[in-house]
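Note: the block below is final-v8.txt and it holds compact mmCIF, C-alpha atoms.
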```
# COMPACT_ATOMS: atom_id res chain seq x y z
CA MET J 1 15.49 -39.55 -7.03
CA LYS J 2 17.95 -36.92 -5.79
CA ARG J 3 18.00 -35.32 -9.23
CA SER J 4 14.18 -35.10 -9.21
CA ILE J 5 14.15 -33.37 -5.80
CA TYR J 6 16.82 -30.94 -6.97
CA VAL J 7 14.86 -30.05 -10.11
CA LEU J 8 11.71 -29.60 -8.00
CA LEU J 9 13.50 -27.21 -5.62
CA ILE J 10 14.82 -25.12 -8.50
CA ALA J 11 11.33 -24.96 -9.98
CA CYS J 12 9.88 -23.77 -6.64
CA ILE J 13 12.50 -21.04 -6.34
CA LEU J 14 11.75 -19.83 -9.87
CA ILE J 15 8.02 -19.79 -9.16
CA LEU J 16 8.46 -17.82 -5.90
CA SER J 17 10.72 -15.34 -7.66
CA ALA J 18 8.18 -14.85 -10.41
CA CYS J 19 5.49 -14.01 -7.83
CA ASN J 20 7.39 -10.87 -6.82
CA PRO J 21 9.56 -9.89 -9.78
CA GLY J 22 9.90 -6.23 -8.76
CA VAL J 23 11.89 -6.67 -5.54
CA SER J 24 15.63 -6.57 -6.04
CA ASP J 25 17.93 -8.91 -4.17
CA ASP J 26 20.23 -5.92 -3.58
CA LYS J 27 19.12 -4.54 -0.22
CA LEU J 28 19.64 -0.81 0.24
CA VAL J 29 20.54 0.32 3.75
CA ILE J 30 19.02 3.73 4.45
CA TYR J 31 20.03 5.92 7.39
CA THR J 32 17.65 8.62 8.61
CA ASN J 33 16.68 10.79 11.54
CA SER J 34 13.16 10.99 10.10
CA GLY J 35 11.90 7.42 10.42
CA SER J 36 9.77 7.68 13.57
CA ASP J 37 5.96 7.77 13.91
CA GLY J 38 5.50 5.11 11.26
CA ARG J 39 7.63 6.75 8.57
CA ALA J 40 10.17 3.92 8.35
CA GLU J 41 7.47 1.28 8.10
CA TRP J 42 5.51 3.21 5.48
CA LEU J 43 8.61 3.83 3.39
CA THR J 44 9.69 0.18 3.58
CA GLU J 45 6.29 -1.03 2.42
CA GLU J 46 5.89 1.53 -0.38
CA ALA J 47 9.46 0.92 -1.58
CA LYS J 48 8.76 -2.81 -1.72
CA LYS J 49 5.74 -2.15 -3.95
CA ALA J 50 8.00 -0.11 -6.23
CA GLY J 51 10.57 -2.92 -6.44
CA PHE J 52 13.08 -1.87 -3.79
CA ASN J 53 14.41 -3.98 -0.94
CA ILE J 54 15.38 -1.54 1.82
CA LYS J 55 16.35 -1.51 5.48
CA VAL J 56 15.72 1.78 7.30
CA VAL J 57 17.97 2.60 10.27
CA GLN J 58 16.64 5.39 12.51
CA MET J 59 18.82 7.56 14.78
CA GLY J 60 19.09 11.13 16.10
CA GLY J 61 20.22 13.88 13.75
CA ASN J 62 23.54 14.64 15.45
CA THR J 63 24.29 10.94 15.92
CA LEU J 64 23.49 10.31 12.26
CA ALA J 65 25.96 12.79 10.80
CA ASN J 66 28.73 11.69 13.14
CA ARG J 67 28.10 8.02 12.38
CA ILE J 68 28.27 8.59 8.62
CA ILE J 69 31.58 10.40 9.01
CA ALA J 70 32.92 7.70 11.34
CA GLU J 71 32.04 5.03 8.77
CA LYS J 72 33.31 6.91 5.72
CA THR J 73 36.20 4.49 5.09
CA ASN J 74 33.78 1.57 5.12
CA PRO J 75 30.23 2.93 4.69
CA ILE J 76 27.33 0.75 5.74
CA ALA J 77 24.53 2.97 4.48
CA ASP J 78 23.79 3.30 0.78
CA ILE J 79 21.50 6.29 1.15
CA THR J 80 20.66 8.86 3.81
CA TYR J 81 17.62 11.10 4.00
CA GLY J 82 16.68 13.74 6.55
CA MET J 83 19.35 15.66 8.55
CA SER J 84 19.82 19.42 8.26
CA GLN J 85 21.78 21.53 5.81
CA MET J 86 24.50 21.85 8.45
CA ASP J 87 24.93 18.10 8.82
CA TRP J 88 24.81 17.51 5.06
CA GLN J 89 27.54 20.08 4.52
CA LYS J 90 29.66 18.43 7.20
CA VAL J 91 29.28 15.01 5.55
CA LYS J 92 30.07 16.48 2.13
CA GLU J 93 33.24 18.13 3.44
CA ASN J 94 34.33 14.71 4.73
CA ASN J 95 33.94 13.22 1.22
CA GLY J 96 31.03 11.09 2.36
CA LEU J 97 28.77 11.64 -0.65
CA ILE J 98 28.70 11.24 -4.42
CA SER J 99 27.09 13.75 -6.74
CA TYR J 100 23.83 12.76 -8.41
CA LYS J 101 21.20 14.99 -10.01
CA PRO J 102 17.83 13.22 -9.65
CA LYS J 103 15.25 13.19 -12.43
CA TRP J 104 13.01 15.43 -10.29
CA ALA J 105 15.68 18.06 -9.53
CA ASN J 106 14.11 20.65 -11.84
CA GLU J 107 10.79 20.32 -10.00
CA THR J 108 12.37 21.68 -6.80
CA ASP J 109 11.08 25.09 -5.72
CA LYS J 110 13.68 27.63 -6.87
CA LYS J 111 13.24 29.50 -3.57
CA THR J 112 14.40 26.49 -1.56
CA PRO J 113 17.44 27.56 0.49
CA PHE J 114 20.55 25.52 1.19
CA THR J 115 20.53 23.51 -2.03
CA ASP J 116 23.84 22.03 -3.14
CA LYS J 117 25.10 23.13 -6.56
CA ASP J 118 27.04 19.86 -6.90
CA TYR J 119 23.95 17.73 -6.17
CA ALA J 120 25.78 15.84 -3.43
CA PHE J 121 22.53 16.17 -1.46
CA ASN J 122 19.12 17.07 -2.85
CA PRO J 123 16.25 18.71 -0.91
CA VAL J 124 12.97 16.89 -0.28
CA VAL J 125 11.29 18.53 2.75
CA GLU J 126 11.35 21.92 4.44
CA GLN J 127 10.97 21.92 8.21
CA ARG J 128 10.43 25.02 10.33
CA ILE J 129 11.04 24.81 14.05
CA VAL J 130 8.27 26.84 15.64
CA GLN J 131 7.11 27.96 19.06
CA ILE J 132 3.57 26.89 19.92
CA TYR J 133 1.20 27.51 22.82
CA ASN J 134 -2.01 26.24 24.39
CA GLN J 135 -4.81 28.56 23.28
CA HIS J 136 -6.78 27.81 26.45
CA VAL J 137 -4.02 29.54 28.42
CA TYR J 138 -2.76 32.26 26.06
CA THR J 139 -4.14 34.32 23.22
CA GLN J 140 -2.23 35.83 20.33
CA LYS J 141 -1.87 39.01 22.40
CA THR J 142 -0.85 37.39 25.70
CA ALA J 143 1.51 34.74 24.26
CA PRO J 144 5.19 35.71 23.87
CA HIS J 145 6.17 37.21 20.54
CA SER J 146 9.67 35.71 20.36
CA TYR J 147 12.17 33.63 22.30
CA GLU J 148 13.68 36.78 23.78
CA ASP J 149 10.26 38.01 24.96
CA MET J 150 9.52 34.62 26.51
CA ILE J 151 12.89 34.38 28.25
CA ASN J 152 12.96 37.90 29.69
CA ASN J 153 9.33 38.13 30.82
CA SER J 154 8.93 36.66 34.31
CA LYS J 155 5.29 35.66 33.69
CA TYR J 156 6.50 32.87 31.40
CA LYS J 157 9.06 31.48 33.85
CA GLY J 158 8.59 27.72 34.26
CA LYS J 159 5.81 27.79 31.67
CA TYR J 160 7.83 26.84 28.59
CA ALA J 161 9.51 23.58 27.64
CA VAL J 162 13.25 23.52 26.95
CA PRO J 163 15.32 20.66 25.50
CA SER J 164 16.22 17.94 27.98
CA SER J 165 19.19 16.98 25.76
CA LEU J 166 20.77 18.15 22.53
CA GLY J 167 21.08 14.88 20.62
CA GLY J 168 18.18 15.64 18.29
CA LEU J 169 18.08 18.04 15.37
CA THR J 170 15.06 19.99 16.63
CA ASP J 171 16.60 20.59 20.06
CA ARG J 172 19.91 21.76 18.58
CA THR J 173 18.08 24.05 16.17
CA VAL J 174 16.32 25.81 19.05
CA ILE J 175 19.68 26.52 20.69
CA MET J 176 21.10 27.72 17.37
CA SER J 177 18.12 30.04 16.82
CA ILE J 178 18.61 31.77 20.18
CA LEU J 179 22.35 32.26 19.64
CA ALA J 180 22.10 33.30 15.97
CA PRO J 181 21.34 37.04 16.50
CA TYR J 182 24.46 37.31 18.64
CA ILE J 183 26.94 35.78 16.20
CA ASP J 184 29.93 38.12 15.78
CA GLU J 185 33.34 36.53 15.25
CA LYS J 186 34.99 39.97 15.19
CA ASP J 187 33.90 40.83 18.71
CA PRO J 188 36.96 40.31 20.96
CA LYS J 189 34.66 39.26 23.79
CA ALA J 190 32.89 36.64 21.69
CA GLU J 191 33.19 33.00 22.71
CA LEU J 192 32.91 30.44 19.93
CA GLY J 193 31.73 33.21 17.63
CA VAL J 194 28.91 34.37 19.96
CA LYS J 195 28.81 37.61 21.95
CA PRO J 196 28.45 37.34 25.77
CA GLU J 197 24.84 38.60 25.61
CA GLY J 198 23.93 35.56 23.54
CA TRP J 199 25.34 33.08 26.04
CA LYS J 200 23.71 34.97 28.91
CA LEU J 201 20.30 34.81 27.17
CA LEU J 202 20.68 31.10 26.39
CA LYS J 203 21.56 30.26 30.00
CA LYS J 204 18.56 32.24 31.20
CA TYR J 205 16.39 30.36 28.69
CA ILE J 206 17.40 27.01 30.17
CA ASP J 207 17.32 28.18 33.80
CA ASN J 208 13.81 29.66 33.49
CA GLY J 209 12.34 26.88 31.38
CA TYR J 210 10.93 23.46 32.16
CA ILE J 211 13.05 20.41 31.39
CA THR J 212 10.67 17.52 30.80
CA PRO J 213 11.74 14.65 33.09
CA ASP J 214 11.58 10.95 32.27
CA GLY J 215 8.03 9.70 32.63
CA GLU J 216 6.47 12.90 31.31
CA ASP J 217 5.61 13.85 27.75
CA LYS J 218 6.35 17.34 26.44
CA THR J 219 3.32 17.38 24.17
CA GLN J 220 0.99 15.99 26.86
CA ASN J 221 2.16 18.77 29.18
CA LEU J 222 1.35 21.33 26.49
CA VAL J 223 -2.13 19.95 25.82
CA GLU J 224 -3.00 19.58 29.51
CA LYS J 225 -1.83 23.18 30.24
CA ASN J 226 0.90 22.03 32.65
CA VAL J 227 3.60 23.57 30.44
CA PRO J 228 1.56 25.68 28.00
CA LEU J 229 4.46 26.90 25.84
CA SER J 230 6.58 24.58 23.73
CA TYR J 231 8.35 24.10 20.40
CA HIS J 232 8.09 21.52 17.63
CA PHE J 233 9.21 20.71 14.12
CA SER J 234 6.54 21.83 11.69
CA SER J 235 5.60 18.50 10.10
CA GLY J 236 4.90 17.01 13.52
CA ILE J 237 2.24 19.58 14.44
CA PRO J 238 -0.59 18.24 12.23
CA GLY J 239 -0.11 14.84 13.86
CA ILE J 240 -0.23 16.33 17.36
CA GLU J 241 -3.40 18.22 16.57
CA LYS J 242 -5.12 15.13 15.22
CA GLU J 243 -3.98 12.82 18.01
CA PHE J 244 -4.91 15.14 20.87
CA LYS J 245 -7.83 16.94 19.15
CA PHE J 246 -5.96 20.12 19.94
CA LYS J 247 -5.32 23.30 17.95
CA ALA J 248 -1.89 24.77 18.71
CA GLY J 249 -1.38 28.52 18.82
CA LEU J 250 1.50 29.64 16.62
CA ILE J 251 4.12 32.23 17.53
CA SER J 252 5.41 34.17 14.52
CA PRO J 253 8.49 36.19 15.52
CA LYS J 254 9.28 39.17 13.29
CA GLU J 255 12.88 37.90 13.01
CA GLY J 256 11.61 34.59 11.63
CA VAL J 257 11.95 30.98 12.67
CA PRO J 258 14.79 28.53 12.02
CA SER J 259 14.30 26.54 8.86
CA THR J 260 15.97 23.24 8.04
CA ILE J 261 15.97 21.47 4.71
CA GLU J 262 15.83 17.68 4.85
CA SER J 263 17.64 16.18 1.89
CA VAL J 264 18.53 12.82 0.38
CA GLY J 265 21.97 11.71 -0.77
CA ILE J 266 24.03 8.70 -1.81
CA MET J 267 26.91 7.58 0.37
CA ASN J 268 30.36 7.44 -1.18
CA LYS J 269 31.37 3.77 -1.44
CA GLY J 270 34.21 4.30 -3.89
CA LYS J 271 34.61 4.59 -7.65
CA ASP J 272 34.12 0.87 -8.28
CA HIS J 273 30.80 0.62 -6.45
CA ASP J 274 27.60 0.15 -8.47
CA TYR J 275 25.25 2.99 -7.56
CA THR J 276 22.52 2.09 -10.04
CA GLN J 277 19.97 0.89 -7.50
CA ALA J 278 20.63 3.80 -5.13
CA LYS J 279 20.08 6.31 -7.95
CA LYS J 280 16.84 4.60 -8.96
CA PHE J 281 15.63 4.77 -5.36
CA ILE J 282 16.34 8.50 -5.12
CA ASP J 283 14.55 9.10 -8.42
CA TRP J 284 11.55 7.29 -6.95
CA PHE J 285 11.66 8.70 -3.40
CA GLY J 286 11.90 12.37 -4.40
CA SER J 287 9.35 12.13 -7.19
CA SER J 288 6.22 14.26 -6.96
CA LYS J 289 4.02 11.16 -6.62
CA VAL J 290 5.89 9.76 -3.61
CA GLN J 291 6.48 13.12 -1.93
CA GLU J 292 2.82 14.03 -2.33
CA ALA J 293 1.84 10.76 -0.64
CA TRP J 294 4.51 11.30 2.05
CA SER J 295 3.19 14.82 2.66
CA LYS J 296 -0.41 13.65 2.92
CA LYS J 297 0.51 10.84 5.32
CA PHE J 298 2.98 12.67 7.58
CA GLY J 299 2.12 16.38 7.22
CA THR J 300 5.39 17.45 5.57
CA TYR J 301 5.99 20.41 3.27
CA PRO J 302 7.69 19.12 0.10
CA THR J 303 10.31 21.15 -1.71
CA ASN J 304 9.03 19.53 -4.92
CA GLN J 305 6.45 22.06 -6.12
CA GLN J 306 4.45 19.41 -7.96
CA ALA J 307 3.96 17.48 -4.70
CA ARG J 308 2.16 20.28 -2.82
CA LYS J 309 -1.41 19.49 -3.87
CA ASN J 310 -2.36 17.82 -0.57
CA VAL J 311 -0.33 19.79 1.97
CA ASP J 312 -2.02 19.65 5.39
CA THR J 313 -3.88 22.86 6.29
CA SER J 314 -1.97 23.15 9.59
CA MET J 315 1.33 22.87 7.74
CA GLN J 316 0.26 25.44 5.15
CA ARG J 317 -0.70 27.80 7.98
CA ILE J 318 2.83 27.53 9.40
CA ILE J 319 4.38 28.20 6.00
CA ASP J 320 2.09 31.18 5.39
CA LYS J 321 2.46 32.77 8.84
CA THR J 322 6.21 32.34 9.39
CA HIS J 323 9.35 33.04 7.42
CA PRO J 324 12.90 31.66 7.71
CA GLN J 325 15.19 33.34 10.20
CA ASN J 326 18.33 34.96 8.80
CA ILE J 327 21.16 32.81 10.18
CA ASP J 328 24.84 32.76 9.26
CA TYR J 329 25.13 29.02 8.64
CA ASP J 330 28.82 29.22 7.78
CA VAL J 331 29.50 30.25 11.36
CA VAL J 332 26.95 27.77 12.71
CA ASN J 333 28.62 24.91 10.81
CA LYS J 334 31.96 25.98 12.23
CA TYR J 335 30.87 26.02 15.87
CA ILE J 336 27.67 23.99 16.35
CA ASP J 337 29.38 20.93 17.88
CA GLN J 338 31.31 23.15 20.30
CA TRP J 339 28.14 25.06 21.18
CA VAL J 340 26.39 21.81 22.04
CA GLU J 341 29.34 20.66 24.15
CA LYS J 342 29.47 23.97 26.05
CA VAL J 343 25.73 23.98 26.74
CA GLU J 344 25.69 20.36 27.91
CA LEU J 345 28.70 20.86 30.19
CA GLU J 346 27.93 24.31 31.60
CA PHE J 347 24.19 24.97 31.39
CA TYR J 348 22.60 21.66 32.40
```
Show this structure as structure tokens.
Amino acid sequence: MKRSIYVLLIACILILSACNPGVSDDKLVIYTNSGSDGRAEWLTEEAKKAGFNIKVVQMGGNTLANRIIAEKTNPIADITYGMSQMDWQKVKENNGLISYKPKWANETDKKTPFTDKDYAFNPVVEQRIVQIYNQHVYTQKTAPHSYEDMINNSKYKGKYAVPSSLGGLTDRTVIMSILAPYIDEKDPKAELGVKPEGWKLLKKYIDNGYITPDGEDKTQNLVEKNVPLSYHFSSGIPGIEKEFKFKAGLISPKEGVPSTIESVGIMNKGKDHDYTQAKKFIDWFGSSKVQEAWSKKFGTYPTNQQARKNVDTSMQRIIDKTHPQNIDYDVVNKYIDQWVEKVELEFY
């Protein structure tokens, strides 16, 4: 009798396994700062259809890089996607990644900046951090033309949103963008590589801006004209416009806007680790088919040229009307954590 029950159980297990042969028992843990607004759920479901068993762990951009580095002796994540070129470089310098050239690498736009020649991290999405405004309050002529114009013109005082904290990638990028024109390590008066004028402008930016308190929503304030000037990462704007039935005005500074490249990479788990499944996932995730679907669903701008057939019109407008700001990322990488610490301690 016992033998019959045992055989029956084995048969049931085999039948259940056969019903879903594509899903691997090897679960991949994926860290990201780009899993909100349904992205993690969509990716989990689509990956399952493709035969991958994944767990997506979402956290802020700065937290993410620091966590990967903290765990480098015993990594939990198998793969990371998102972050910025600065964070990826930091993780690479801490020996947190292995090199892998995906099958789709040659489909990447050759103009994509911040690519890694060693393929320790591979680009998938370009994000531009842009200033936007409510077109019921400002026109192209009356809106500010740059951060400096907005900060120094008293008519915009209290009318623009500023970061309430610097834990997220977008918020840190805004701070970096304002300081970037004042980077000069050779200036004897420079502090953390930035001339005094830069720090003075940044303090004025925070003092004259509006810090969104708990209980309020930055985007809602923009739409309802309470705080008619704001900033956002580019792929989030199409979603805002659809949700609020609102068309954002776009500020296109002549000096450009900060651009970040979200990438994907495999965590270094040692020479004896089997990376087969992680490599297969990256080949799938960065493919033109998946990135085209990702772009259509979440309004992103893929670095894979073959995935740009269904780019959202709002996203394409941002790409066409702005260009990347010239920023010395070597200096930024060197000081960004200290900049954040100084701003949080002295300016808030």
Contacts of J:Pro123 within 12 Å, all atoms listed in the file, excl. fewer than 2 positions in-chain, as a PyMOL selection string: chain J and resi 80-85+88+101-102+104-117+119-121+125-127+260-265+282+285-287+291+301-305
Have a look at J:Leu169, J:Val137, J:Val257, J:Ile266 and name the one nearest to J:Lys225; count only C-alpha atoms. J:Val137
Using only C-alpha atoms, tabulate the residues of stretch 164-278 of chain J lying at most 9 Å from any atom of stretch 317-335 of chain J, each with its closest atom pair and that distance in Å to one decimal, by chain and increasing residue number, as a Markdown table.
```
| residue | atom | partner | partner_atom | distance |
| --- | --- | --- | --- | --- |
| J:Met176 | CA | J:Val332 | CA | 7.5 |
| J:Ser177 | CA | J:Ile327 | CA | 7.8 |
| J:Ala180 | CA | J:Ile327 | CA | 5.9 |
| J:Pro181 | CA | J:Ile327 | CA | 7.6 |
| J:Ile183 | CA | J:Val331 | CA | 7.8 |
| J:Glu185 | CA | J:Val331 | CA | 8.3 |
| J:Leu192 | CA | J:Tyr335 | CA | 6.3 |
| J:Gly193 | CA | J:Val331 | CA | 7.3 |
| J:Ser234 | CA | J:Ile318 | CA | 7.2 |
| J:Leu250 | CA | J:Ile318 | CA | 7.6 |
| J:Ile251 | CA | J:Thr322 | CA | 8.4 |
| J:Ser252 | CA | J:Thr322 | CA | 5.5 |
| J:Pro253 | CA | J:Thr322 | CA | 7.6 |
| J:Lys254 | CA | J:Thr322 | CA | 8.4 |
| J:Glu255 | CA | J:Gln325 | CA | 5.8 |
| J:Gly256 | CA | J:Gln325 | CA | 4.1 |
| J:Val257 | CA | J:Gln325 | CA | 4.7 |
| J:Pro258 | CA | J:Gln325 | CA | 5.2 |
| J:Ser259 | CA | J:Pro324 | CA | 5.4 |
| J:Thr260 | CA | J:Pro324 | CA | 9.0 |
```
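With only C-alpha atoms as the atoms that count, the minimum distance from J:Pro213 to the choices J:Lys242, J:Ser314, J:Val162, J:Glu191 is reached by J:Val162.
Compared by their closest atoms to J:Pro144, and using only C-alpha atoms, the residues J:Lys48, J:Arg308, J:Lys296, J:Lys159 rank with J:Lys159 nearest.
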Could you tell me how far atom CA of J:Tyr182 sits from atom CA of J:Gly60, in Å to one decimal place?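 One can read the atom CA of J:Gly60 to atom CA of J:Tyr182 distance as 26.8 Å.
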Calculate how many Å separate atom CA of J:Ile79 from atom CA of J:Ile237, rounding to one decimal. 26.9 Å
Residue among J:Trp42, J:Phe52, J:Tyr348, J:Trp284 lying closest to J:Asp207, counting only C-alpha atoms: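 Checking each of J:Trp42, J:Phe52, J:Tyr348, J:Trp284 against J:Asp207, counting only C-alpha atoms, the winner is J:Tyr348.
Relative to atom CA of J:Thr63, atom CA of J:Glu197 is found at 29.3 Å.
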Determine the nearest neighbour of J:Val91 from the options J:Ser235, J:Gln135, J:Asn310, J:Asn66, counting only C-alpha atoms.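 For J:Val91, the nearest of the candidates is J:Asn66.
Of the residues listed (J:Leu201, J:Val57, J:Ala70, J:Ile76), J:Leu201 shows the shortest atom-to-atom separation from J:Met150; distances use only C-alpha atoms.
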Around stretch 148-151 of chain J, fit a box with edges along x, y and z, padding it by 3 Å on each side, then list its centre and edge lengths in Å to one decimal as AutoDock Vina command-line options.
```
--center_x 11.6 --center_y 36.2 --center_z 26.0 --size_x 10.2 --size_y 9.6 --size_z 10.5
```
Could you give me, as a list in words, the residues within 9 Å of J:Ala248, counting only C-alpha atoms and dropping anything in the same chain fewer than 6 positions from it? Ile132, Tyr133, Asn134, Gln135, Val223, Ile237, Ile240 and Glu241 of chain J
Selection: 10 Å around J:Ser36, all atoms listed in the file, excl. self and same-chain fewer than 5 positions, as a list in words: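 Counting all atoms listed in the file, the residues come to Glu41, Gln58 and Met59 of chain J.
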